[in-house]
Amino acid sequence: MRIAVLASGSGTILDSFLDAGVPVALVVVDRPCGATEVAARHGVPSALVERTDFSAGFDRDAYSARLVEVLREHGIELVVMAGFMTILSGPVFAAFEGHVLNTHPALLPSFKGAHAVRDALAYGVKVTGCTVHVATPAVDDGPILAQEAVVVAPDDTEDSLHERIKIVERRLYVDTVKSILERGSVL
């Protein structure tokens, strides 16, 4: 299964995949970022499908269609979002139905959205965690593939808790993708 990893940041999840021997065929970023350096260090090609519009008028469908073109050019079969900060729309989910994965720093369906760790702390939960799921057009929705709990410490800040979640996330995401590769199917 040819895998593309989509990233927007430093590439720590990507690095975990590559260090674990996950056969990533392509890395796609939506802005210049550290993930391309991680890809280069591991000898994996990367592509920039740049998002230049961050306004309310952003054409999400046109961007998603451009992304699909790049993924198809490289024969991609499984799309793995790893800190990709552009919400995708219909064209991606139509082209790769059931084959787009995401990770989220909470135990879905709780605390959806970009501020999951902050929201969990504000709510006062004693346990949160991370979820690997099949992405759908609805944000932080779709079938859950794996979850793991992380205990909230009494002195946790958003940063300290998020760092502990990221440690679990990197291992859980790698294990989930490896399991998919072994089975030959997502579900």
# chains A, B, ... in the order shown; residues from 1 in each chain; ligands from 1

call {"tool": "residues_around", "arguments": {"residues": "segment 149-155 of chain A", "least_positions_apart": "5", "cutoff": "6 Å", "atoms": "only C-alpha atoms", "output": "MDAnalysis selection string"}}
result
chainID A and resid 126:129

call {"tool": "write_last_selection", "arguments": {"atoms": "N, CA and C atoms", "output": "short mmCIF file (atom, residue, chain, number, x, y, z; two decimals), in the first residue's frame"}}
result
data_model
loop_
_atom_site.label_atom_id
_atom_site.label_comp_id
_atom_site.auth_asym_id
_atom_site.auth_seq_id
_atom_site.Cartn_x
_atom_site.Cartn_y
_atom_site.Cartn_z
N LYS A 126 -9.97 13.69 34.27
CA LYS A 126 -8.84 13.05 34.94
C LYS A 126 -8.05 12.17 33.98
N VAL A 127 -8.68 11.83 32.85
CA VAL A 127 -8.06 11.00 31.82
C VAL A 127 -8.43 11.58 30.47
N THR A 128 -7.45 11.70 29.60
CA THR A 128 -7.68 12.05 28.20
C THR A 128 -6.86 11.06 27.39
N GLY A 129 -6.34 11.43 26.24
CA GLY A 129 -5.53 10.49 25.48
C GLY A 129 -5.44 10.88 24.03
#

call {"tool": "residues_around", "arguments": {"residues": "Ala106 of chain A", "least_positions_apart": "5", "cutoff": "12 Å", "atoms": "only C-alpha atoms", "output": "PDB file with C-alpha atoms, in the first residue's frame"}}
result
ATOM      1  CA  PHE A 111     -13.051  17.243  22.670  1.00  0.00           C
ATOM      2  CA  LYS A 112     -13.146  17.525  18.906  1.00  0.00           C
ATOM      3  CA  GLY A 113     -11.391  20.435  17.236  1.00  0.00           C
ATOM      4  CA  ALA A 114      -8.088  22.272  17.295  1.00  0.00           C
ATOM      5  CA  HIS A 115      -7.985  22.870  21.068  1.00  0.00           C
ATOM      6  CA  ALA A 116      -8.657  19.377  22.400  1.00  0.00           C
ATOM      7  CA  VAL A 117      -5.982  19.414  25.108  1.00  0.00           C
ATOM      8  CA  ARG A 118      -6.987  22.849  26.386  1.00  0.00           C
ATOM      9  CA  ASP A 119     -10.660  21.850  26.322  1.00  0.00           C
ATOM     10  CA  ALA A 120     -10.000  18.624  28.245  1.00  0.00           C
ATOM     11  CA  LEU A 121      -8.117  20.532  30.948  1.00  0.00           C
ATOM     12  CA  VAL A 125     -11.143  15.399  33.075  1.00  0.00           C
ATOM     13  CA  VAL A 127      -8.056  11.002  31.819  1.00  0.00           C
ATOM     14  CA  THR A 128      -7.683  12.045  28.199  1.00  0.00           C
ATOM     15  CA  GLY A 129      -5.530  10.488  25.482  1.00  0.00           C
ATOM     16  CA  CYS A 130      -5.278  10.131  21.739  1.00  0.00           C
ATOM     17  CA  THR A 131      -7.292   8.589  18.951  1.00  0.00           C
ATOM     18  CA  VAL A 132      -6.371   7.263  15.515  1.00  0.00           C
ATOM     19  CA  HIS A 133      -9.395   7.279  13.233  1.00  0.00           C
ATOM     20  CA  ASP A 140     -12.596  14.589  14.048  1.00  0.00           C
ATOM     21  CA  ILE A 144     -12.077   4.866  15.496  1.00  0.00           C
ATOM     22  CA  ALA A 146      -7.222   2.882  18.075  1.00  0.00           C
ATOM     23  CA  GLN A 147      -7.235   4.864  21.296  1.00  0.00           C
ATOM     24  CA  GLU A 148      -5.001   5.084  24.323  1.00  0.00           C
ATOM     25  CA  ALA A 149      -5.584   6.887  27.585  1.00  0.00           C
ATOM     26  CA  VAL A 150      -3.238   9.411  29.202  1.00  0.00           C
ATOM     27  CA  VAL A 151      -3.775  10.351  32.849  1.00  0.00           C
ATOM     28  CA  VAL A 152      -4.064  14.065  33.550  1.00  0.00           C
ATOM     29  CA  LEU A 161      -0.170  17.273  28.898  1.00  0.00           C
ATOM     30  CA  HIS A 162       0.107  17.678  25.142  1.00  0.00           C
ATOM     31  CA  ARG A 164       2.762  13.332  27.061  1.00  0.00           C
ATOM     32  CA  ILE A 165      -0.081  12.728  24.612  1.00  0.00           C
ATOM     33  CA  LYS A 166       2.333  13.174  21.683  1.00  0.00           C
ATOM     34  CA  VAL A 168       1.673   8.003  23.090  1.00  0.00           C
ATOM     35  CA  GLU A 169       0.360   9.305  19.764  1.00  0.00           C
TER      36      GLU A 169
END

call {"tool": "select_by_dssp", "arguments": {"residues": "chain A", "states": "alpha helix (DSSP H)", "output": "PyMOL selection string"}}
result
chain A and resi 12-19+34-41+60-73+90-95+116-123+158-183

call {"tool": "select_by_dssp", "arguments": {"residues": "segment 98-171 of chain A", "states": "strand (DSSP E)", "output": "PyMOL selection string"}}
result
chain A and resi 100-104+127-134+144-151

call {"tool": "closest_residue", "arguments": {"among": "A:Val177, A:Leu18, A:Val70, A:Ala135", "to": "Gly90 of chain A", "atoms": "only C-alpha atoms"}}
result
A:Ala135

call {"tool": "closest_residue", "arguments": {"among": "A:Arg41, A:Glu73, A:Ser110, A:Ser185", "to": "Gly98 of chain A", "atoms": "only C-alpha atoms"}}
result
A:Ser185

call {"tool": "closest_residue", "arguments": {"among": "A:Ser89, A:Thr157, A:Ala4, A:Ser46", "to": "Arg72 of chain A", "atoms": "only C-alpha atoms"}}
result
A:Ala4

call {"tool": "atom_distance", "arguments": {"atom1": "atom CA of Leu181 of chain A", "atom2": "atom CA of Val134 of chain A"}}
result
14.7 Å

call {"tool": "atom_distance", "arguments": {"atom1": "atom CA of Val79 of chain A", "atom2": "atom CA of Ala47 of chain A"}}
result
13.8 Å

call {"tool": "atom_distance", "arguments": {"atom1": "atom CA of Leu71 of chain A", "atom2": "atom CA of Asp175 of chain A"}}
result
23.2 Å

call {"tool": "residues_around", "arguments": {"residues": "Asp59 of chain A", "least_positions_apart": "5", "cutoff": "12 Å", "atoms": "only C-alpha atoms", "output": "ChimeraX atom specification"}}
result
/A:51-54,64-66,86-90

call {"tool": "closest_residue", "arguments": {"among": "A:Leu67, A:Leu108, A:Val5, A:Ala35", "to": "Val22 of chain A", "atoms": "only C-alpha atoms"}}
result
A:Val5

call {"tool": "closest_residue", "arguments": {"among": "A:Ala56, A:Ala25, A:Ala40, A:Leu101", "to": "Val174 of chain A", "atoms": "only C-alpha atoms"}}
result
A:Leu101

call {"tool": "residues_around", "arguments": {"residues": "Ser10 of chain A", "least_positions_apart": "6", "cutoff": "10 Å", "atoms": "only C-alpha atoms", "output": "MDAnalysis selection string"}}
result
chainID A and resid 33:38 83

call {"tool": "write_last_selection", "arguments": {"atoms": "C-alpha atoms", "output": "PDB file, in the first residue's frame"}}
result
ATOM      1  CA  CYS A  33       8.012  23.404   7.351  1.00  0.00           C
ATOM      2  CA  GLY A  34      10.379  21.005   9.093  1.00  0.00           C
ATOM      3  CA  ALA A  35       8.600  17.902   7.775  1.00  0.00           C
ATOM      4  CA  THR A  36      10.323  18.333   4.404  1.00  0.00           C
ATOM      5  CA  GLU A  37      13.709  18.250   6.141  1.00  0.00           C
ATOM      6  CA  VAL A  38      12.703  15.031   7.935  1.00  0.00           C
ATOM      7  CA  GLY A  83      -0.296  17.277  12.111  1.00  0.00           C
TER       8      GLY A  83
END
